[in-house]
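First up is the structure itself, then whatever we jot down about it.
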Amino acid sequence: MRRLALGAVALLAVAGCSSGESPGVAAPSPTSSPAEVLAACPEQPAAEAAGAERLPPLSFDCPGGGSLDLARAPGVPMVVNLWGSWCPPCREEMPLLQEFSEIAGDQVRVVGVISKDGLPQAASFAEDAGVTFPSAFDGDGELMAELGLNVLPFTYFVDAGGALVHTEAGPVSSVDELRGLVTEHLGVQL
């Protein structure tokens with residue numbers, strides 16, 4: 001029985017992280033509000049998302065302003081990363097996503113979805129990590145529930161019309177890996 005329990009713990013460690021609180025999470029910054037730290041989500045076209053596969057038609061407010069409406073087409077290829085400040089693999093992956101967003105510029109939009117997290121904790125982590133791309137807030141994990149997820153990170157590749165073209169389970173290990181995934185699945189060479 002003990003071997004089964006140890007095996008289950010090892011499997012969870014390899015798969016990602018669950019949504020329990022982590023003791024290493026930074027305390028909220030007393031001087032910055034989440035709206036000051038987190039970037040606003042960009043405007044989306046009025047067109048509905050189209051494609052054989054799409055993300056669930058949910059909408060989330062972005063603490064920096066605007067909203068992320070997954071039922072609408074993004075207008076440009078988009079990388080949607082579900083993350084939480086409590087998730088060690090998310091914390092390791094975040095600098096890679098930030099670097100990629102700087103390289104991608106206007107060619108590919110990077111948007112985070114803060115999942116099953118507190119807004120002050122997420123904002124504090126984003127500030128410490130130097131995150132400048134926008135993140136929507138899903139504190140209750142509604143998107144995770146709709147997608148059947150219980151671990152993070154997950155990254156979704158959505159074409160300009162709103163079709164879900166690829167799902168990456170777990171963290172990416174390098175900017176080059178992320179660039180390759182974007183080239184392969186979104187057709188954008190960076």
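Note on naming: chains are A, B, ... as they come in the structure tokens, residues start from 1 per chain, ligands start from 1 in the order shown.
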
Determine, using only C-alpha atoms, which residues of segment 67-90 of chain A have any atom at most 6 Å from an atom of segment 142-161 of chain A, and tabulate each with its shortest atom pair and distance in Å to one decimal place, rows ordered by chain and then rising number, as CSV.
```
residue,atom,partner,partner_atom,distance
A:Ala73,CA,A:Gly161,CA,4.9
A:Pro74,CA,A:Ala160,CA,5.5
A:Gly75,CA,A:Ala160,CA,4.6
A:Val76,CA,A:Ala160,CA,4.1
A:Pro77,CA,A:Ala160,CA,4.4
A:Met78,CA,A:Val158,CA,5.1
A:Val79,CA,A:Phe157,CA,4.8
A:Val80,CA,A:Tyr156,CA,5.0
A:Asn81,CA,A:Thr155,CA,4.4
A:Leu82,CA,A:Phe154,CA,5.4
A:Trp83,CA,A:Pro153,CA,5.4
A:Cys90,CA,A:Pro153,CA,5.6
```

Keeping only C-alpha atoms, write the selected residues as a CSV table (one decimal), in the first residue's frame.
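again.csv written:
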```csv
chain,number,residue,atom,x,y,z
A,73,ALA,CA,-11.8,35.0,-32.5
A,74,PRO,CA,-8.6,36.6,-31.3
A,75,GLY,CA,-7.8,38.1,-34.7
A,76,VAL,CA,-4.2,37.0,-34.5
A,77,PRO,CA,-2.7,33.7,-33.5
A,78,MET,CA,-2.8,33.3,-29.8
A,79,VAL,CA,-1.0,31.3,-27.1
A,80,VAL,CA,-3.1,30.8,-24.0
A,81,ASN,CA,-1.3,29.7,-20.9
A,82,LEU,CA,-3.1,28.5,-17.8
A,83,TRP,CA,-1.0,29.3,-14.7
A,90,CYS,CA,4.3,27.4,-13.9
```

Report as a ChimeraX atom specification all protein, DNA and RNA residues lying within 7 Å of segment 105-122 of chain A, evaluated on only C-alpha atoms, omitting residues in the same chain fewer than 2 positions from it. /A:19,26-28,34,76-85,101-103,124-126,133-141

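Using only C-alpha atoms, the protein and nucleic acid residues lying no more than 7 Å from Ala40 of chain A, apart from those fewer than 6 places from it along its own chain, are Cys62, Pro63, Gly64, Gly65, Gly66 and Pro134 of chain A.
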
Using atom CA of Ser174 of chain A and atom CA of Gln189 of chain A as the two end points, give the distance in Å to one decimal. 16.0 Å

May I have all residues of segment 38-188 of chain A that DSSP, computed from the backbone, assigns to strand (DSSP E or B), given as a PyMOL selection string? chain A and resi 48+59-61+67-69+72+78-83+109-115+135-138+152+154-158+164-169

Take the selection from the previous step and output its residues with N, CA, C and O atoms, as a CSV table (one decimal), in the first residue's frame.
```csv
chain,number,residue,atom,x,y,z
A,48,GLU,N,-17.2,35.6,-34.0
A,48,GLU,CA,-17.2,34.4,-33.1
A,48,GLU,C,-16.1,33.5,-33.5
A,48,GLU,O,-15.7,33.4,-34.7
A,59,SER,N,-15.7,33.8,-20.6
A,59,SER,CA,-15.2,35.1,-20.6
A,59,SER,C,-14.6,35.5,-19.2
A,59,SER,O,-15.3,35.1,-18.2
A,60,PHE,N,-13.5,36.1,-19.2
A,60,PHE,CA,-12.8,36.4,-17.9
A,60,PHE,C,-12.4,37.9,-18.0
A,60,PHE,O,-11.8,38.3,-19.0
A,61,ASP,N,-12.5,38.6,-16.8
A,61,ASP,CA,-12.0,39.9,-16.7
A,61,ASP,C,-10.5,39.8,-16.6
A,61,ASP,O,-9.9,38.9,-16.0
A,67,SER,N,-11.1,42.3,-21.2
A,67,SER,CA,-11.5,40.9,-20.9
A,67,SER,C,-11.0,40.0,-21.9
A,67,SER,O,-10.6,40.4,-23.0
A,68,LEU,N,-11.0,38.7,-21.6
A,68,LEU,CA,-10.6,37.7,-22.5
A,68,LEU,C,-11.9,36.9,-22.8
A,68,LEU,O,-12.4,36.2,-21.9
A,69,ASP,N,-12.4,36.9,-24.0
A,69,ASP,CA,-13.6,36.2,-24.4
A,69,ASP,C,-13.3,35.1,-25.3
A,69,ASP,O,-12.9,35.3,-26.5
A,72,ARG,N,-14.9,34.4,-28.8
A,72,ARG,CA,-14.6,35.3,-29.9
A,72,ARG,C,-13.2,35.0,-30.5
A,72,ARG,O,-12.3,34.5,-29.8
A,78,MET,N,-2.9,33.0,-31.2
A,78,MET,CA,-2.8,33.3,-29.8
A,78,MET,C,-2.3,32.0,-29.0
A,78,MET,O,-2.7,30.9,-29.3
A,79,VAL,N,-1.4,32.3,-28.0
A,79,VAL,CA,-1.0,31.3,-27.1
A,79,VAL,C,-1.6,31.6,-25.8
A,79,VAL,O,-1.4,32.7,-25.2
A,80,VAL,N,-2.4,30.7,-25.3
A,80,VAL,CA,-3.1,30.8,-24.0
A,80,VAL,C,-2.5,29.9,-23.0
A,80,VAL,O,-2.6,28.7,-23.1
A,81,ASN,N,-1.9,30.5,-21.9
A,81,ASN,CA,-1.3,29.7,-20.9
A,81,ASN,C,-2.0,29.8,-19.6
A,81,ASN,O,-2.2,30.8,-19.0
A,82,LEU,N,-2.5,28.6,-19.1
A,82,LEU,CA,-3.1,28.5,-17.8
A,82,LEU,C,-2.0,28.4,-16.7
A,82,LEU,O,-1.2,27.4,-16.8
A,83,TRP,N,-2.0,29.3,-15.7
A,83,TRP,CA,-1.0,29.3,-14.7
A,83,TRP,C,-1.5,29.7,-13.4
A,83,TRP,O,-2.6,30.2,-13.3
A,109,ARG,N,-0.1,36.6,-30.1
A,109,ARG,CA,-0.5,37.1,-28.8
A,109,ARG,C,-0.3,36.1,-27.7
A,109,ARG,O,-0.7,34.9,-27.9
A,110,VAL,N,0.3,36.4,-26.6
A,110,VAL,CA,0.4,35.6,-25.5
A,110,VAL,C,-0.5,36.1,-24.4
A,110,VAL,O,-0.4,37.3,-24.1
A,111,VAL,N,-1.4,35.3,-23.9
A,111,VAL,CA,-2.3,35.6,-22.9
A,111,VAL,C,-2.3,34.6,-21.8
A,111,VAL,O,-2.4,33.4,-22.1
A,112,GLY,N,-2.1,35.0,-20.6
A,112,GLY,CA,-2.2,34.0,-19.5
A,112,GLY,C,-3.6,34.0,-18.9
A,112,GLY,O,-4.4,34.9,-19.1
A,113,VAL,N,-3.9,32.8,-18.3
A,113,VAL,CA,-5.2,32.7,-17.5
A,113,VAL,C,-4.8,32.3,-16.1
A,113,VAL,O,-4.3,31.2,-15.9
A,114,ILE,N,-4.9,33.2,-15.2
A,114,ILE,CA,-4.6,33.0,-13.8
A,114,ILE,C,-5.7,32.0,-13.2
A,114,ILE,O,-6.8,32.3,-13.2
A,115,SER,N,-5.2,30.8,-12.8
A,115,SER,CA,-6.2,29.7,-12.6
A,115,SER,C,-6.1,29.3,-11.1
A,115,SER,O,-5.0,28.9,-10.6
A,135,SER,N,-2.9,38.9,-18.5
A,135,SER,CA,-3.5,37.7,-18.0
A,135,SER,C,-4.9,38.0,-17.5
A,135,SER,O,-5.2,39.0,-16.9
A,136,ALA,N,-5.8,37.0,-17.8
A,136,ALA,CA,-7.2,37.1,-17.4
A,136,ALA,C,-7.2,36.4,-16.0
A,136,ALA,O,-6.4,35.5,-15.7
A,137,PHE,N,-8.3,36.7,-15.2
A,137,PHE,CA,-8.4,36.1,-13.9
A,137,PHE,C,-9.5,35.1,-13.8
A,137,PHE,O,-10.7,35.4,-14.0
A,138,ASP,N,-9.2,33.8,-13.5
A,138,ASP,CA,-10.1,32.8,-13.3
A,138,ASP,C,-9.9,32.1,-11.9
A,138,ASP,O,-9.4,31.0,-11.8
A,152,LEU,N,-1.5,22.0,-13.6
A,152,LEU,CA,-1.0,23.0,-14.5
A,152,LEU,C,0.5,22.8,-14.6
A,152,LEU,O,1.1,22.1,-13.9
A,154,PHE,N,-0.9,24.3,-18.6
A,154,PHE,CA,-1.4,23.8,-19.9
A,154,PHE,C,-1.3,25.0,-20.8
A,154,PHE,O,-1.6,26.1,-20.4
A,155,THR,N,-0.9,24.8,-22.0
A,155,THR,CA,-0.8,25.9,-23.0
A,155,THR,C,-1.6,25.5,-24.2
A,155,THR,O,-1.5,24.4,-24.8
A,156,TYR,N,-2.5,26.4,-24.7
A,156,TYR,CA,-3.4,26.2,-25.8
A,156,TYR,C,-3.0,27.1,-27.0
A,156,TYR,O,-2.7,28.3,-26.7
A,157,PHE,N,-2.9,26.6,-28.2
A,157,PHE,CA,-2.5,27.3,-29.4
A,157,PHE,C,-3.8,27.5,-30.2
A,157,PHE,O,-4.4,26.5,-30.6
A,158,VAL,N,-4.2,28.8,-30.4
A,158,VAL,CA,-5.4,29.1,-31.0
A,158,VAL,C,-5.1,29.9,-32.3
A,158,VAL,O,-4.3,30.9,-32.2
A,164,LEU,N,-8.9,25.9,-31.9
A,164,LEU,CA,-7.9,25.3,-31.0
A,164,LEU,C,-7.1,24.3,-31.9
A,164,LEU,O,-7.7,23.3,-32.3
A,165,VAL,N,-5.9,24.6,-32.1
A,165,VAL,CA,-5.1,23.7,-33.0
A,165,VAL,C,-4.1,22.8,-32.3
A,165,VAL,O,-3.6,21.9,-32.9
A,166,HIS,N,-3.8,23.1,-31.1
A,166,HIS,CA,-2.8,22.3,-30.3
A,166,HIS,C,-2.9,22.6,-28.8
A,166,HIS,O,-3.2,23.7,-28.4
A,167,THR,N,-2.7,21.5,-28.0
A,167,THR,CA,-2.7,21.6,-26.6
A,167,THR,C,-1.4,21.1,-26.1
A,167,THR,O,-1.0,20.0,-26.5
A,168,GLU,N,-0.7,21.8,-25.3
A,168,GLU,CA,0.6,21.4,-24.7
A,168,GLU,C,0.4,21.2,-23.2
A,168,GLU,O,0.2,22.1,-22.5
A,169,ALA,N,0.5,19.9,-22.8
A,169,ALA,CA,0.4,19.6,-21.4
A,169,ALA,C,1.7,19.7,-20.7
A,169,ALA,O,2.7,19.2,-21.2
```
